[in-house]
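Raw upload_9.cif, mmCIF, C-alpha atoms:
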data_work
loop_
_atom_site.label_atom_id
_atom_site.label_comp_id
_atom_site.auth_asym_id
_atom_site.auth_seq_id
_atom_site.Cartn_x
_atom_site.Cartn_y
_atom_site.Cartn_z
CA MET V 208 84.19 92.91 138.37
CA GLU V 209 87.25 92.01 140.39
CA ILE V 210 90.80 92.96 139.68
CA HIS V 211 93.85 91.34 141.24
CA ARG V 212 97.54 90.97 140.72
CA ARG V 213 98.49 87.31 140.39
CA LYS V 214 102.21 86.62 140.00
CA ASN V 215 103.19 88.04 136.62
CA GLN V 216 99.78 89.07 135.48
CA ILE V 217 96.87 91.32 136.28
CA GLU V 218 93.64 89.40 136.38
CA ILE V 219 90.31 91.08 135.74
CA SER V 220 87.61 88.59 136.60
CA GLU V 221 83.83 88.62 136.85
CA LEU V 222 83.70 90.87 133.81
CA ASP V 223 80.10 91.26 132.78
CA PRO V 224 79.36 91.47 129.03
CA PHE V 225 78.97 95.25 129.14
CA LEU V 226 82.37 95.91 130.70
CA ALA V 227 83.95 93.23 128.51
CA GLU V 228 82.59 95.07 125.49
CA LEU V 229 84.01 98.37 126.75
CA LEU V 230 87.40 96.70 127.08
CA ARG V 231 87.13 95.26 123.58
CA GLN V 232 86.58 98.78 122.30
CA ILE V 233 89.91 100.13 123.59
CA PRO V 234 91.85 99.76 120.29
CA ALA V 235 88.99 101.20 118.22
CA SER V 236 88.45 104.04 120.69
CA ALA V 237 92.11 105.00 120.45
CA LYS V 238 91.87 105.71 116.72
CA THR V 239 92.06 109.35 115.71
CA GLU V 240 90.96 108.92 112.08
CA GLY V 241 88.19 111.29 111.10
CA ALA V 242 88.48 113.31 114.30
CA PRO V 243 90.72 116.36 113.82
CA ALA V 244 90.40 117.39 117.49
CA ALA V 245 91.64 113.99 118.62
CA GLU V 246 94.42 113.97 116.03
CA GLN V 247 95.50 117.42 117.21
CA ARG V 248 95.57 116.31 120.84
CA ILE V 249 97.41 113.01 120.32
CA PHE V 250 99.95 114.54 117.96
CA SER V 251 100.37 117.93 119.59
CA LEU V 252 103.06 120.33 118.42
CA PRO V 253 106.29 120.75 120.39
CA VAL V 254 106.10 124.56 120.44
CA ASN V 255 103.52 127.23 121.10
CA GLY V 256 105.25 129.94 119.13
CA LYS V 257 106.28 130.41 115.54
CA GLU V 258 108.93 127.74 115.23
CA THR V 259 107.64 126.63 111.84
CA GLU V 260 110.84 124.85 110.90
CA LEU V 261 110.79 122.76 114.05
CA CYS V 262 107.10 121.95 113.53
CA ALA V 263 107.77 120.79 109.97
CA GLU V 264 110.66 118.59 111.11
CA TRP V 265 108.54 117.25 113.94
CA LYS V 266 105.76 116.28 111.54
CA MET V 267 108.23 114.63 109.23
CA TYR V 268 110.45 112.73 111.66
CA VAL V 269 108.92 112.52 115.14
CA GLU V 270 105.23 112.05 114.40
CA PRO V 271 105.68 108.83 112.39
CA GLU V 272 107.73 107.43 115.30
CA LEU V 273 104.96 108.33 117.73
CA ARG V 274 102.34 106.74 115.46
CA ARG V 275 104.33 103.52 115.42
CA LEU V 276 104.75 103.65 119.19
CA PHE V 277 101.03 104.13 119.80
CA GLN V 278 100.06 101.53 117.23
CA THR V 279 102.36 98.94 118.80
CA ALA V 280 100.72 99.54 122.17
CA THR V 281 97.17 99.17 120.83
CA GLN V 282 98.17 96.03 118.92
CA THR V 283 99.55 94.47 122.11
CA VAL V 284 96.35 95.34 123.93
CA GLY V 285 94.26 94.05 121.03
CA ALA V 286 96.08 90.72 121.20
CA ASP V 287 95.44 90.46 124.96
CA LEU V 288 91.78 91.29 124.40
CA GLU V 289 91.35 88.29 122.12
CA GLN V 290 90.80 86.34 125.35
CA LEU V 291 87.41 88.02 125.49
CA ASN V 292 86.39 86.78 122.07
CA GLY V 293 84.29 83.69 121.76
CA ASN V 294 80.61 83.16 121.81
CA GLU V 295 79.32 86.67 121.21
CA LYS V 296 75.90 85.76 122.51
CA SER V 297 77.19 84.43 125.79
CA LEU V 298 76.12 86.45 128.79
CA ALA V 299 78.53 84.68 131.09
CA ASN V 300 81.10 86.72 132.93
CA ARG V 301 84.63 86.65 131.54
CA THR V 302 88.16 86.82 132.87
CA LEU V 303 90.98 88.79 131.28
CA ARG V 304 94.62 88.17 132.15
CA ILE V 305 97.13 90.88 131.31
CA PRO V 306 100.83 89.96 131.51
CA THR V 307 102.60 92.58 133.64
CA LYS V 308 105.17 92.98 130.87
CA HIS V 309 102.29 94.45 128.81
CA ALA V 310 101.46 97.01 131.50
CA ASP V 311 103.10 99.91 129.64
CA ALA V 312 101.23 99.05 126.45
CA TRP V 313 97.98 99.01 128.41
CA LEU V 314 98.74 102.35 130.06
CA SER V 315 99.44 103.86 126.65
CA ALA V 316 96.40 102.37 124.91
CA LEU V 317 94.07 103.33 127.76
CA ASN V 318 95.48 106.84 127.72
CA GLN V 319 95.13 107.13 123.96
CA ALA V 320 91.53 105.97 124.16
CA ARG V 321 90.69 108.35 127.03
CA LEU V 322 92.24 111.34 125.25
CA VAL V 323 90.59 110.55 121.92
CA ILE V 324 87.15 110.03 123.47
CA ALA V 325 87.50 113.23 125.51
CA ALA V 326 88.61 115.21 122.45
CA LYS V 327 85.83 113.83 120.24
CA ASN V 328 83.20 114.68 122.85
CA ASN V 329 84.84 117.93 123.88
CA PHE V 330 84.36 117.04 127.55
CA THR V 331 84.86 119.86 130.03
CA GLU V 332 87.07 119.52 133.09
CA THR V 333 83.94 119.64 135.26
CA GLU V 334 82.40 116.72 133.40
CA LEU V 335 85.61 114.71 133.62
CA ASN V 336 85.85 115.28 137.36
CA ASP V 337 82.23 114.34 137.99
CA HIS V 338 82.88 110.70 138.88
CA LEU V 339 79.46 110.27 140.43
CA HIS V 340 77.68 111.18 137.21
CA SER V 341 74.92 108.68 136.52
CA PRO V 342 72.95 107.09 135.06
CA ILE V 343 73.99 106.53 131.45
CA GLY V 344 71.26 108.15 129.44
CA SER V 345 72.96 109.15 126.24
CA ARG V 346 75.86 108.35 123.97
CA ARG V 347 77.78 111.21 125.62
CA ASP V 348 77.16 109.73 129.08
CA LEU V 349 78.41 106.36 127.86
CA SER V 350 81.56 107.96 126.50
CA LEU V 351 82.14 109.69 129.83
CA PHE V 352 81.67 106.39 131.64
CA GLN V 353 84.16 104.81 129.23
CA VAL V 354 86.75 107.51 130.03
CA ASN V 355 86.28 106.97 133.76
CA PHE V 356 86.34 103.17 133.50
CA TYR V 357 89.58 103.25 131.51
CA GLY V 358 90.98 105.71 134.06
CA PHE V 359 90.13 103.29 136.86
CA LEU V 360 92.06 100.54 135.07
CA GLN V 361 94.99 102.88 134.53
CA GLU V 362 95.07 103.70 138.24
CA PHE V 363 95.09 100.02 139.14
CA ILE V 364 97.90 99.21 136.70
CA LEU V 365 99.92 102.18 137.97
CA ARG V 366 99.46 101.00 141.54
CA GLU V 367 100.62 97.53 140.61
CA LEU V 368 103.68 98.91 138.81
CA ASP V 369 104.50 100.83 141.97
CA CYS V 370 104.55 97.69 144.14
CA MET A 23 95.95 126.01 146.51
CA SER A 24 99.03 126.66 144.52
CA ALA A 25 102.30 124.84 144.55
CA ALA A 26 105.52 126.58 145.44
CA PRO A 27 107.62 127.67 142.49
CA LEU A 28 110.13 125.07 141.56
CA ALA A 29 113.79 125.47 140.99
CA VAL A 30 114.93 124.95 137.44
CA GLU A 31 117.82 122.72 136.57
CA VAL A 32 120.11 124.40 134.09
CA GLU A 33 122.60 122.23 132.38
CA VAL A 34 125.77 124.07 131.46
CA ALA A 35 127.59 122.81 128.43
CA LEU A 36 131.17 121.84 129.16
CA THR A 37 133.68 121.65 126.39
CA PRO A 38 135.90 118.62 126.97
CA GLY A 39 139.48 119.48 127.72
CA ILE A 40 138.80 123.15 128.34
CA PRO A 41 139.08 124.18 131.98
CA ARG A 42 136.26 126.21 133.53
CA PRO A 43 137.25 129.83 134.15
CA LYS A 44 136.57 129.54 137.85
CA SER A 45 139.14 126.82 138.30
CA ALA A 46 141.79 128.57 136.26
CA GLY A 47 144.97 128.83 138.29
CA PRO A 48 148.07 130.73 137.47
CA SER A 49 148.12 131.86 133.88
CA THR A 50 148.37 129.21 131.21
CA VAL A 51 148.55 129.83 127.50
CA GLY A 52 145.51 131.61 126.09
CA ALA A 53 143.12 130.90 128.98
CA PRO A 54 141.14 134.19 128.77
CA THR A 55 140.39 133.69 125.08
CA ILE A 56 139.14 130.17 125.68
CA GLU A 57 136.75 131.45 128.34
CA LYS A 58 135.12 133.79 125.82
CA GLU A 59 134.74 131.00 123.27
CA THR A 60 133.02 128.76 125.81
CA ARG A 61 130.56 131.49 126.69
CA ALA A 62 129.82 132.05 123.01
CA GLU A 63 128.95 128.37 122.60
CA GLU A 64 126.69 128.46 125.64
CA ALA A 65 124.92 131.53 124.28
CA LEU A 66 124.08 129.57 121.15
CA ASP A 67 122.90 126.46 122.98
CA LEU A 68 121.19 127.85 126.05
CA PRO A 69 118.64 128.10 127.35
CA TRP A 70 115.45 126.28 126.42
CA HIS A 71 112.73 125.16 128.79
CA VAL A 72 110.80 121.91 128.68
CA VAL A 73 107.27 122.90 129.70
CA VAL A 74 104.43 120.53 130.53
CA HIS A 75 100.90 121.92 130.24
CA ASN A 76 97.78 120.99 132.14
CA ASP A 77 95.48 118.41 130.67
CA PRO A 78 92.21 117.45 132.36
CA VAL A 79 92.34 113.88 131.06
CA ASN A 80 95.74 112.60 132.13
CA LEU A 81 95.71 111.12 135.63
CA MET A 82 97.81 112.78 138.31
CA SER A 83 99.42 109.47 139.24
CA TYR A 84 100.23 108.82 135.59
CA VAL A 85 101.83 112.24 135.11
CA THR A 86 103.93 111.71 138.23
CA MET A 87 105.13 108.36 136.92
CA VAL A 88 106.06 109.90 133.57
CA PHE A 89 108.13 112.64 135.24
CA GLN A 90 109.95 110.01 137.26
CA ARG A 91 110.66 107.91 134.20
CA VAL A 92 111.61 110.64 131.74
CA PHE A 93 113.64 112.91 134.03
CA GLY A 94 114.65 110.41 136.68
CA TYR A 95 113.18 112.64 139.37
CA PRO A 96 112.41 111.20 142.81
CA ARG A 97 108.72 110.79 143.54
CA ASP A 98 108.36 113.88 145.76
CA LYS A 99 109.92 116.14 143.14
CA ALA A 100 107.86 114.57 140.36
CA GLU A 101 104.73 115.13 142.45
CA ARG A 102 105.60 118.78 143.07
CA HIS A 103 105.93 119.35 139.33
CA MET A 104 102.71 117.46 138.68
CA LEU A 105 100.89 119.63 141.22
CA GLU A 106 102.34 122.77 139.69
CA VAL A 107 100.99 121.66 136.31
CA HIS A 108 97.64 120.91 137.90
CA HIS A 109 97.30 124.17 139.84
CA LYS A 110 99.14 126.65 137.67
CA GLY A 111 98.50 125.15 134.27
CA ARG A 112 102.15 124.54 133.47
CA SER A 113 105.49 123.62 134.95
CA ILE A 114 109.04 123.96 133.72
CA LEU A 115 110.48 120.49 134.06
CA TRP A 116 113.93 121.05 132.73
CA SER A 117 116.12 123.71 131.13
CA GLY A 118 119.15 123.33 129.00
CA MET A 119 120.34 122.75 125.49
CA ARG A 120 117.75 122.72 122.74
CA GLU A 121 118.64 119.32 121.33
CA ARG A 122 118.13 117.59 124.65
CA ALA A 123 114.99 119.62 125.37
CA GLU A 124 113.51 118.39 122.07
CA LEU A 125 114.36 114.83 123.04
CA TYR A 126 112.58 115.24 126.37
CA VAL A 127 109.51 116.68 124.66
CA GLN A 128 109.51 113.76 122.24
CA GLN A 129 109.58 111.34 125.17
CA LEU A 130 106.78 113.23 126.92
CA HIS A 131 104.67 113.14 123.77
CA GLY A 132 105.32 109.41 123.68
CA TYR A 133 103.53 109.30 127.01
CA LEU A 134 100.81 111.57 125.58
CA LEU A 135 101.55 114.55 127.80
CA LEU A 136 101.13 118.07 126.47
CA ALA A 137 104.69 119.33 126.37
CA THR A 138 106.51 122.08 124.52
CA ILE A 139 109.94 123.61 124.36
CA GLU A 140 110.25 127.32 124.97
CA ARG A 141 113.15 129.64 124.48
CA VAL A 142 113.96 131.45 127.69
CA SER A 143 113.07 135.09 127.19
#
When written as C-alpha cells, how does the structure in this file appear?
Amino acid sequence: MEIHRRKNQIEISELDPFLAELLRQIPASAKTEGAPAAEQRIFSLPVNGKETELCAEWKMYVEPELRRLFQTATQTVGADLEQLNGNEKSLANRTLRIPTKHADAWLSALNQARLVIAAKNNFTETELNDHLHSPIGSRRDLSLFQVNFYGFLQEFILRELDC
Amino acid sequence: MSAAPLAVEVEVALTPGIPRPKSAGPSTVGAPTIEKETRAEEALDLPWHVVVHNDPVNLMSYVTMVFQRVFGYPRDKAERHMLEVHHKGRSILWSGMRERAELYVQQLHGYLLLATIERVS
C-alpha cells in the first residue's frame, strides 16, 4: 500500500483486497447499535457528578446533534469508499482517492470506528500500544489490527492537514 | 514523566457600560453599589472548568489538533495540555462561564474526546 498527497486529494494506491475490505468496513465499524459500551463511549456525558438536569438536557438536545454530525461524516466516507466497489472477486490492487475537503469527515469516521471497536473488544491500553503485535490469529487480533490501521490513516491525514 | 501544571484561563464577565472597580476614578454616582452587583453576577456565572480526560484510543496528534481548533491555542500550548491529559489523566483546558463551558464540551464531544464540565470547588 502506498499513500500520497496529490494536489487536492489523498491517494491510497496498491491497496490489496484485505486492506480494501478493512477500509470498506469503516462505516459499519463506526456503528454503535447493539453495543452499550460503544454507545456510552461515543455519547459520553458532559459531567461526572450529579448534574441530572444537565444530563437530561444533553440527551435531549446535544446528543441528536452529535448523531447527525457523526452520521454525516460516515456517509461522506461511505460515498468515497464506493470507488472500491466493483468486481468483488477481483484480487487486483485498488486505488482510493480522498478529496482533501473530506479530510475532517475521514478523521471523524476513522475515530468513531476506532473507539467503537476498542469499546466492543474492551481493549486495554497495553494492547492498544502494542503496535508490533502479530500475527492475526483471532477475531480480537483482527480488530486490534483494524484499530491500528485506521490510526495509521488518521496520522497520515493529520500530517497532510498540517502541511 | 509528568507535565508541568498549566495555568488556567479565567474569563471574567464584564457588564457592558459598567466600569470596572479598579478603573474607577473620582466618585461618580452610585459606583460602589454597581461594583457589588457585578460581583454578584460573577458569583452566579463563575467558575466552571472544561476538563478533558485521558483516552487510550485517541491519537496524541489528533488531540493536539482538536485543542488548537476548539480553543484556538498555539501548537505548543495545545501539546502541553495533551501531554498533561496523557500523563496525569486529565487537564483543565478552560475556565469560565458555564454556558460557554458547555459549548466547548459539546465541541469536544463532536471530536469524540472525553470531556466534562466541572464546577470549581
### Query
Within 12 Å of chain V, which residues of chain A show up when using all atoms listed in the file, listed as a ChimeraX atom specification?
/A:70-88,90-91,97,108,120-121,123-141
### Task
Please provide as a PyMOL selection string all residues within 12 Å of Pro234 of chain V, with the sequence filter that same-chain residues fewer than 4 positions apart are discarded (counting all atoms listed in the file).
chain V and resi 228-230+238-239+277-289+312-313+315-321+323-324+357
### Query
Which distance in Å separates atom CA of Met119 of chain A and atom CA of Arg102 of chain A, to one decimal?
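Here the two named atoms are 23.3 Å from each other.
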### Query
What is the distance between atom CA of Asn328 of chain V and atom CA of Gln353 of chain V, in Å to one decimal?
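About the pair atom CA of Asn328 of chain V and atom CA of Gln353 of chain V: they are 11.8 Å apart.
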### Task
Could you check how far atom CA of Ile217 of chain V sits from atom CA of Ile305 of chain V, in Å to one decimal?
5.0 Å
Which polymer residues, whether protein, DNA or RNA, lie within 8 Å of the coordinate (94.9, 91.1, 134.9) when you count all atoms listed in the file? List them as a compact mmCIF listing (two decimals) with C-alpha atoms, keeping the file's coordinate frame, using the chain letters and numbers from the file.
# COMPACT_ATOMS: atom_id res chain seq x y z
CA ILE V 210 90.80 92.96 139.68
CA HIS V 211 93.85 91.34 141.24
CA ARG V 212 97.54 90.97 140.72
CA ARG V 213 98.49 87.31 140.39
CA GLN V 216 99.78 89.07 135.48
CA ILE V 217 96.87 91.32 136.28
CA GLU V 218 93.64 89.40 136.38
CA ILE V 219 90.31 91.08 135.74
CA SER V 220 87.61 88.59 136.60
CA LEU V 303 90.98 88.79 131.28
CA ARG V 304 94.62 88.17 132.15
CA ILE V 305 97.13 90.88 131.31
CA PRO V 306 100.83 89.96 131.51
CA THR V 307 102.60 92.58 133.64
Distance cut-off 6 Å, centre (80.3, 89.8, 135.1) in file coordinates, counting only C-alpha atoms: which residues qualify? Return them as a PDB file with C-alpha atoms, in the coordinates of the input.
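The resulting file, result.pdb, is shown below:
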ATOM      1  CA  MET V 208      84.190  92.910 138.370  1.00  0.00           C
ATOM      2  CA  GLU V 221      83.830  88.620 136.850  1.00  0.00           C
ATOM      3  CA  LEU V 222      83.700  90.870 133.810  1.00  0.00           C
ATOM      4  CA  ASP V 223      80.100  91.260 132.780  1.00  0.00           C
ATOM      5  CA  ASN V 300      81.100  86.720 132.930  1.00  0.00           C
TER       6      ASN V 300
END
Which residues would end up in the selection if the PyMOL selection byres ((chain A and resi 113) around 8) were applied here, given that I need the answer as a PDB file with C-alpha atoms, in the coordinates of the input?
ATOM      1  CA  VAL A  73     107.270 122.900 129.700  1.00  0.00           C
ATOM      2  CA  VAL A  74     104.430 120.530 130.530  1.00  0.00           C
ATOM      3  CA  HIS A  75     100.900 121.920 130.240  1.00  0.00           C
ATOM      4  CA  HIS A 103     105.930 119.350 139.330  1.00  0.00           C
ATOM      5  CA  MET A 104     102.710 117.460 138.680  1.00  0.00           C
ATOM      6  CA  GLU A 106     102.340 122.770 139.690  1.00  0.00           C
ATOM      7  CA  VAL A 107     100.990 121.660 136.310  1.00  0.00           C
ATOM      8  CA  LYS A 110      99.140 126.650 137.670  1.00  0.00           C
ATOM      9  CA  GLY A 111      98.500 125.150 134.270  1.00  0.00           C
ATOM     10  CA  ARG A 112     102.150 124.540 133.470  1.00  0.00           C
ATOM     11  CA  ILE A 114     109.040 123.960 133.720  1.00  0.00           C
ATOM     12  CA  LEU A 115     110.480 120.490 134.060  1.00  0.00           C
TER      13      LEU A 115
END
